[in-house]
Amino acid sequence: MANIIKVQKGTKDILPQEMNLWYKLEDNARKIFSNAGYGEIRTPIFEATELFARGVGDTTDIVNKEMYTFEKSERSLTLRPENTAGVVRAFIENGMHRLSAPVKLWYKGPMFRYERPQAGRQRQFHQVGVEMFGVQDATADAEVIELAVSYLKSLGLNDLDVEINSLGCPKCREEFKARLKAVLKPYYNDLCEDCQTRYEKNPLRLLDCKVESCKEIFSKPEVKSVIEGDFICEECSQHFNELKSYLDDLKIKYSVNKLLVRGLDYYNRTVFEIKSNNLGSQNAVCGGGRYDSLVENLGGQPTSAIGFAMGMERLYSLLSDTTEHKLDAYVVSTNKSEALKLVKYLRDNNKSADFDFNGKKFTKQMEKASKIAKYAVILGDDEISNNQVSIKNLETSEQIIVPQKDLLEKI
Ligand code: ATP
Ligand code: MG
């Protein structure tokens with residue numbers, strides 16, 4: 001026997017019996033986002049590597065460690081690890097800055113990151129997300145957070161924590177970085193290797209570290225007081241206060257988490273994360289924030305923007321499928337050609353239907369019917385010659401005979 005080729009580590013087949021919930025994840029997204037004026041965009045799965053190096057940031061874990069990069073015709077290409085960079089590229093390339101603001105887009109699809117697979121963490125996974133371009137006002141931040149919460153609620157997810165923070169603007173952030181570096185200097189040698197790199201290249205991201213010994217350093221009083229101090233400037237602070245009051249108006253519960261900095265380089269001002277209390281350690285279902293300089297950094301007109309992305313596998317694992325999967329009708333007949341015709345008639349009339357392709361014995365067909373269908377539609381020789389059908393309700397075992405023309409209204 002030939003050896004079996006297995007699915008790649010960190011990837012998964014999504015099987016037919018899982019589809020009802022995937023449809024729900026997708027349908028609710030389409031409904032809720034398009035209601036709010038977001039149009040769906042589908043960008044390619046692979047892009048120029050440079051797009052992510054510049055668009056996600058080359059000090060991030062994503063770009064440094066997690067990308068699937070390959071070469072083709074001397075071009076470096078990468079399977080998208082996230083979709084904001086691709087959407088921004090498409091926004092610029094399709095001249096969407098000429099449309100009247102805001103430009104609102106949503107997407108769903110597979111993303112690829114070379115990470116250590118574990119519960120809630122795959123190498124190919126799916127995200128659904130939105131991006132809004134052209135509004136700097138905090139109403140946009142509020143709408144995007146509200147949209148994320150509405151979507152999660154539509155899925156029946158309620159035990160959620162919304163965390164927000166403001167990273168300030170490039171100006172006020174510089175001062176914060178300097179203060180953070182100064183207070184951490186004595187502890188430099190105790191920081192993990194990653195944090196030592198972050199200290200040099202992107203000190204804000206130190207706060208994102210999950211290593212216990214680093215977390216301990218960040219909770220030392222003098223470090224904590226820098227982290228918790230209000231470093232952001234007047235304008236940024238006003239923007240953040242406005243956001244908070246809009247969220248209050250919308251009755252969205254949130255908490256401010258000063259350690260929330262998010263993994264991507266391009267964020268400024270608002271960042272947010274939504275966690276589910278029903279997941280294990282990979283409990284973040286949604287991450288997002290404002291990225292006012294990204295469009296310009298990727299060669300477009302200066303355009304403010306904000307968005308979020310959600311991990312669909314993590315959402316999937318929180319849902320349970322309660323819908324009935326049974327067919328409307330299973331046609332039971334030893335006359336295969338009559339059965340084939342009746343099945344087509346049922347399907348043409350929007351009833352899900354199937355039959356036995358091999359014309360097995362009547363009792364075998366009835367056994368199968370009771371497993372997979374709500375009704376057995378029986379076509380015996382008598383029924384065929386009288387233009388009738390017997391209909392057996394497989395739940396109550398009630399059976400009736402009706403003229404074939406009345407079949408549809410009885411099932
Ligand atoms: P984490 O801290 O869990 O690594 P992240 O900051 O890398 O998350 P984002 O890039 O913000 O995640 O992606 C948004 C969402 O996508 C996450 O909140 C999570 O739900 C999901 N996600 C990210 N990476 C994976 C993965 N490898 N497998 C499954 N879902 C993922
Ligand atoms: Mg990650």
# chains A, B, ... in the order shown; residues from 1 in each chain; ligands from 1

$ select_by_dssp --residues "segment 203-384 of chain A" --states "alpha helix (DSSP H)" --output "ChimeraX atom specification"
/A:212-218,221-228,234-249,294-297,312-316,336-348,362-372,381-384

$ residues_near_ligand --ligand "ligand 1" --cutoff "6 Å" --atoms "only C-alpha atoms and all ligand atoms" --output "list in words"
Arg113, Gly120, Arg121, Gln122, Arg123, Phe125, Gln127, Arg262, Gly263, Gln282, Ala284, Val285, Cys286, Gly287, Ala309, Met310, Gly311 and Arg314 of chain A

$ write_last_selection --atoms "N, CA and C atoms" --output "mmCIF file, in the first residue's frame"
data_model
loop_
_atom_site.group_PDB
_atom_site.id
_atom_site.type_symbol
_atom_site.label_atom_id
_atom_site.label_comp_id
_atom_site.auth_asym_id
_atom_site.auth_seq_id
_atom_site.Cartn_x
_atom_site.Cartn_y
_atom_site.Cartn_z
ATOM 1 N N ARG A 113 0.662 31.973 9.258
ATOM 2 C CA ARG A 113 1.767 32.382 10.133
ATOM 3 C C ARG A 113 2.493 31.135 10.603
ATOM 4 N N GLY A 120 -6.129 26.870 19.580
ATOM 5 C CA GLY A 120 -6.393 28.270 19.245
ATOM 6 C C GLY A 120 -5.291 28.940 18.454
ATOM 7 N N ARG A 121 -4.301 28.172 18.009
ATOM 8 C CA ARG A 121 -3.205 28.761 17.249
ATOM 9 C C ARG A 121 -2.807 27.822 16.121
ATOM 10 N N GLN A 122 -3.074 28.237 14.902
ATOM 11 C CA GLN A 122 -2.750 27.407 13.749
ATOM 12 C C GLN A 122 -1.797 28.148 12.818
ATOM 13 N N ARG A 123 -1.299 27.402 11.821
ATOM 14 C CA ARG A 123 -0.418 28.033 10.839
ATOM 15 C C ARG A 123 -1.210 28.579 9.659
ATOM 16 N N PHE A 125 -5.003 29.897 9.359
ATOM 17 C CA PHE A 125 -6.225 30.158 10.109
ATOM 18 C C PHE A 125 -7.015 31.218 9.344
ATOM 19 N N GLN A 127 -9.347 34.839 9.289
ATOM 20 C CA GLN A 127 -9.740 36.063 9.976
ATOM 21 C C GLN A 127 -10.903 36.709 9.244
ATOM 22 N N ARG A 262 -0.488 45.814 21.416
ATOM 23 C CA ARG A 262 -0.732 45.107 20.169
ATOM 24 C C ARG A 262 0.566 44.825 19.407
ATOM 25 N N GLY A 263 0.529 43.723 18.687
ATOM 26 C CA GLY A 263 1.755 43.232 18.057
ATOM 27 C C GLY A 263 2.222 43.954 16.805
ATOM 28 N N GLN A 282 -5.277 31.056 24.788
ATOM 29 C CA GLN A 282 -5.381 31.888 23.573
ATOM 30 C C GLN A 282 -6.778 32.494 23.566
ATOM 31 N N ALA A 284 -7.805 35.777 23.100
ATOM 32 C CA ALA A 284 -8.132 36.984 22.328
ATOM 33 C C ALA A 284 -8.868 36.588 21.061
ATOM 34 N N VAL A 285 -10.086 37.102 20.909
ATOM 35 C CA VAL A 285 -10.823 36.792 19.681
ATOM 36 C C VAL A 285 -10.733 37.933 18.678
ATOM 37 N N CYS A 286 -10.389 39.129 19.157
ATOM 38 C CA CYS A 286 -10.397 40.282 18.256
ATOM 39 C C CYS A 286 -9.299 41.264 18.639
ATOM 40 N N GLY A 287 -8.592 41.775 17.648
ATOM 41 C CA GLY A 287 -7.599 42.804 17.913
ATOM 42 C C GLY A 287 -7.731 43.892 16.871
ATOM 43 N N ALA A 309 -9.357 42.768 13.354
ATOM 44 C CA ALA A 309 -9.391 41.421 12.776
ATOM 45 C C ALA A 309 -9.767 40.437 13.878
ATOM 46 N N MET A 310 -10.566 39.445 13.511
ATOM 47 C CA MET A 310 -10.963 38.415 14.481
ATOM 48 C C MET A 310 -10.508 37.055 13.987
ATOM 49 N N GLY A 311 -10.137 36.205 14.917
ATOM 50 C CA GLY A 311 -9.742 34.848 14.567
ATOM 51 C C GLY A 311 -10.963 33.950 14.492
ATOM 52 N N ARG A 314 -11.088 30.645 16.574
ATOM 53 C CA ARG A 314 -11.370 30.861 18.003
ATOM 54 C C ARG A 314 -12.851 31.123 18.212
#

$ residues_around --residues "Asn241 of chain A" --least-positions-apart "4" --cutoff "12 Å" --atoms "only C-alpha atoms" --output "PyMOL selection string"
chain A and resi 137-139+141-142+164-166+232+234-237+245-248+256+269-270

$ closest_residue --among "A:Thr60, A:Ser100, A:Asn202, A:Asn28" --to "ligand 2" --atoms "only C-alpha atoms and all ligand atoms"
A:Thr60

$ closest_residue --among "A:Lys253, A:Lys341, A:Arg54, A:Lys201" --to "Glu163 of chain A" --atoms "only C-alpha atoms"
A:Lys253

$ residues_around --residues "Leu264 of chain A" --least-positions-apart "6" --cutoff "10 Å" --atoms "only C-alpha atoms" --output "list in words"
Gly55, Val56, Gly57, Asp58, Thr59, Thr60, Asp61, Ile62, Val63, Arg205, Gly288, Gly289 and Tyr291 of chain A

$ residues_around --residues "Asp354 of chain A" --least-positions-apart "2" --cutoff "8 Å" --atoms "only C-alpha atoms" --output "PyMOL selection string"
chain A and resi 327+329-331+343+352+356
